[in-house]
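Engineer: Take a look at the following structure, please.
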Amino acid sequence: MLSIKHHGAVQGVTGSCHELFVDSDQSVLVDCGLFQGAETSGSGADSNSLEIDFDLSAVKALVITHVHIDHVGRLPYLLAAGFTGPIYCSKPSAALLPLVIEDALKVGVTRNESIIKACLDRLASQLVQLDYKTWAVVPLNNNTKVQVRLCRAGHILGSAYVIFRVSNVEIRSQGKRYHDVLFSGDLGAPHSPLLPAPQSPYRVDQLVLESTYGDRNHENRATRRKYLQQSLEHALSNSGTVLIPAFSIGRTQELLYELEHIIHQNKQKAVSQTRSGVWLNWEDIDIIIDSPLASRFTQIYRSLTSYWDDEAKRRVSSGRHPLNFEQVT
């Protein structure tokens, strides 16, 4: 019988971890994230007690929706607890994941390079990279068959929602060939910078959907960019400096992309006057990424332009460098 257990992201939004039982004694995990703040699993795990607090004997595979820490942060603990199955993710996620885990280990566990290397080597040996919109067979025992498919979620580079196509004795006894279960992961907006918009599936039988912003109406991208430009102009016209805290993955790259657009559209427009009375144009403004980690993630983003959306690709084709323009240091 199909069933789902939620080991995180139930009473809060962090620690995402869901277990899909495809029959009585076999299951697949979706994500294994870090708890943050006061959020807990409900079974004992929290931001201070990160050990895996559920039975792994049935778990045959793990699927990663994306590499934010609240979705992958407990991966080292999962490996330490004895999980040896395949870890499925998209190709961009596979490029980003080692850096995420390395940083998580250094910040929260150890700076011992040999321990970190051993963990990353173990992780690499179990990673299975999947193309979007292709079915992959999850290795299982007996007569249960499971396929997994990743589709673009538009959240960060490499993000995906996951469809499991399950066929077992019970499902076939009901006259059905299979039963489709979808886990949304984190979904992005239809017109996010850099990323192709997510597309809804034709149909599924069962849906597990995130709802972090389910009751809010967000401003559209053009309005957000307008507010960003106005805020910058206000500060710079007063000889100020603008500080923007941003996540290393996703938000930093989106900001760079939008800043490049603002500068490109206003190249010769004066925006600030120095104390000596010299006027500075937009193209004279320095943009400093004060985060080595964000800079490394941005390098990976730049190497994966084939996963960018059409707008971003057109900018590159026209000779622009959306994430590596000359004002960035």
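Just remember, in the structure tokens the first chain shown is A, the second B, etc., residues are 1-based per chain, and ligands are 1-based in the order shown.
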Quick one: DSSP strand (DSSP E) residues in range 38-279 of chain A, as a ChimeraX atom specification?
Structural biologist: /A:59-63,87-90,127-130,135-138,145-152,160-167,179-183,206-208,270-273,279
Engineer: Output as a PyMOL selection string all residues of range 66-127 of chain A that backbone DSSP marks as alpha helix (DSSP H).
Structural biologist: chain A and resi 69-72+75-80+91-108+113-126
Engineer: Mind checking which residues fall within 7 Å of Lys60 in chain A, counting only C-alpha atoms, ignoring those fewer than 5 positions away in the same chain, and posting them as a count of residues only?
Structural biologist: 5
Engineer: Please identify all polymer residues within 9 Å of Leu34 in chain A, counting only C-alpha atoms, omitting same-chain residues fewer than 2 positions from it, and present them as a list in words.
Structural biologist: Gly8, Thr14, Gly15, Ser16, Cys32, Gln36, Asp46, Ser47, Leu50, Ile69, Asp70, His71, Val72, Gly73, Arg74 and Leu75 of chain A
Engineer: Need the shell around range 190-198 of chain A: protein/DNA/RNA residues with any atom at most 8 Å away, counting only C-alpha atoms. Skip same-chain ones fewer than 6 positions apart. Format as a ChimeraX atom specification?
Structural biologist: /A:151-157,221,254,257-258,307-312
Engineer: Mind writing the picked residues with N, CA and C atoms as a PDB file, in the first residue's frame?
Structural biologist:
ATOM      1  N   CYS A 151      11.341  17.443 -13.221  1.00  0.00           N
ATOM      2  CA  CYS A 151      10.861  18.520 -14.092  1.00  0.00           C
ATOM      3  C   CYS A 151      11.249  19.860 -13.473  1.00  0.00           C
ATOM      4  N   ARG A 152      11.544  20.832 -14.298  1.00  0.00           N
ATOM      5  CA  ARG A 152      12.022  22.131 -13.813  1.00  0.00           C
ATOM      6  C   ARG A 152      11.032  22.767 -12.839  1.00  0.00           C
ATOM      7  N   ALA A 153      11.562  23.265 -11.725  1.00  0.00           N
ATOM      8  CA  ALA A 153      10.717  23.900 -10.708  1.00  0.00           C
ATOM      9  C   ALA A 153      10.869  25.416 -10.670  1.00  0.00           C
ATOM     10  N   GLY A 154      11.907  25.968 -11.326  1.00  0.00           N
ATOM     11  CA  GLY A 154      12.059  27.413 -11.404  1.00  0.00           C
ATOM     12  C   GLY A 154      12.435  28.102 -10.107  1.00  0.00           C
ATOM     13  N   HIS A 155      12.969  27.362  -9.157  1.00  0.00           N
ATOM     14  CA  HIS A 155      13.300  27.928  -7.837  1.00  0.00           C
ATOM     15  C   HIS A 155      14.740  28.433  -7.810  1.00  0.00           C
ATOM     16  N   ILE A 156      15.699  27.549  -7.989  1.00  0.00           N
ATOM     17  CA  ILE A 156      17.097  27.903  -8.209  1.00  0.00           C
ATOM     18  C   ILE A 156      17.608  27.010  -9.330  1.00  0.00           C
ATOM     19  N   LEU A 157      18.827  27.262  -9.784  1.00  0.00           N
ATOM     20  CA  LEU A 157      19.404  26.438 -10.835  1.00  0.00           C
ATOM     21  C   LEU A 157      19.440  24.976 -10.384  1.00  0.00           C
ATOM     22  N   ARG A 221       7.944  40.736 -11.476  1.00  0.00           N
ATOM     23  CA  ARG A 221       9.383  40.960 -11.578  1.00  0.00           C
ATOM     24  C   ARG A 221       9.714  42.394 -11.995  1.00  0.00           C
ATOM     25  N   GLU A 254      20.330  36.102  -9.016  1.00  0.00           N
ATOM     26  CA  GLU A 254      19.189  36.884  -9.508  1.00  0.00           C
ATOM     27  C   GLU A 254      19.471  38.380  -9.402  1.00  0.00           C
ATOM     28  N   TYR A 257      21.897  39.486 -12.060  1.00  0.00           N
ATOM     29  CA  TYR A 257      21.214  39.503 -13.353  1.00  0.00           C
ATOM     30  C   TYR A 257      20.394  40.781 -13.514  1.00  0.00           C
ATOM     31  N   GLU A 258      19.659  41.152 -12.479  1.00  0.00           N
ATOM     32  CA  GLU A 258      18.830  42.353 -12.549  1.00  0.00           C
ATOM     33  C   GLU A 258      19.684  43.627 -12.523  1.00  0.00           C
ATOM     34  N   TYR A 307      21.285  25.706 -19.124  1.00  0.00           N
ATOM     35  CA  TYR A 307      20.103  25.556 -18.270  1.00  0.00           C
ATOM     36  C   TYR A 307      19.429  26.906 -17.979  1.00  0.00           C
ATOM     37  N   TRP A 308      19.937  27.987 -18.571  1.00  0.00           N
ATOM     38  CA  TRP A 308      19.310  29.295 -18.412  1.00  0.00           C
ATOM     39  C   TRP A 308      18.072  29.393 -19.302  1.00  0.00           C
ATOM     40  N   ASP A 309      17.253  30.404 -19.064  1.00  0.00           N
ATOM     41  CA  ASP A 309      16.070  30.589 -19.905  1.00  0.00           C
ATOM     42  C   ASP A 309      16.445  31.322 -21.195  1.00  0.00           C
ATOM     43  N   ASP A 310      15.486  31.442 -22.109  1.00  0.00           N
ATOM     44  CA  ASP A 310      15.763  32.013 -23.431  1.00  0.00           C
ATOM     45  C   ASP A 310      16.199  33.471 -23.343  1.00  0.00           C
ATOM     46  N   GLU A 311      15.596  34.233 -22.446  1.00  0.00           N
ATOM     47  CA  GLU A 311      15.974  35.638 -22.302  1.00  0.00           C
ATOM     48  C   GLU A 311      17.446  35.765 -21.930  1.00  0.00           C
ATOM     49  N   ALA A 312      17.876  34.985 -20.950  1.00  0.00           N
ATOM     50  CA  ALA A 312      19.275  35.041 -20.509  1.00  0.00           C
ATOM     51  C   ALA A 312      20.222  34.593 -21.617  1.00  0.00           C
TER      52      ALA A 312
END
Engineer: Looking at A:Arg225, A:Lys269, A:Lys145, A:Arg111, which one is nearest to Ser237 in chain A, with distances taken over only C-alpha atoms?
Structural biologist: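 Smallest distance to Ser237 in chain A is found for A:Lys269.
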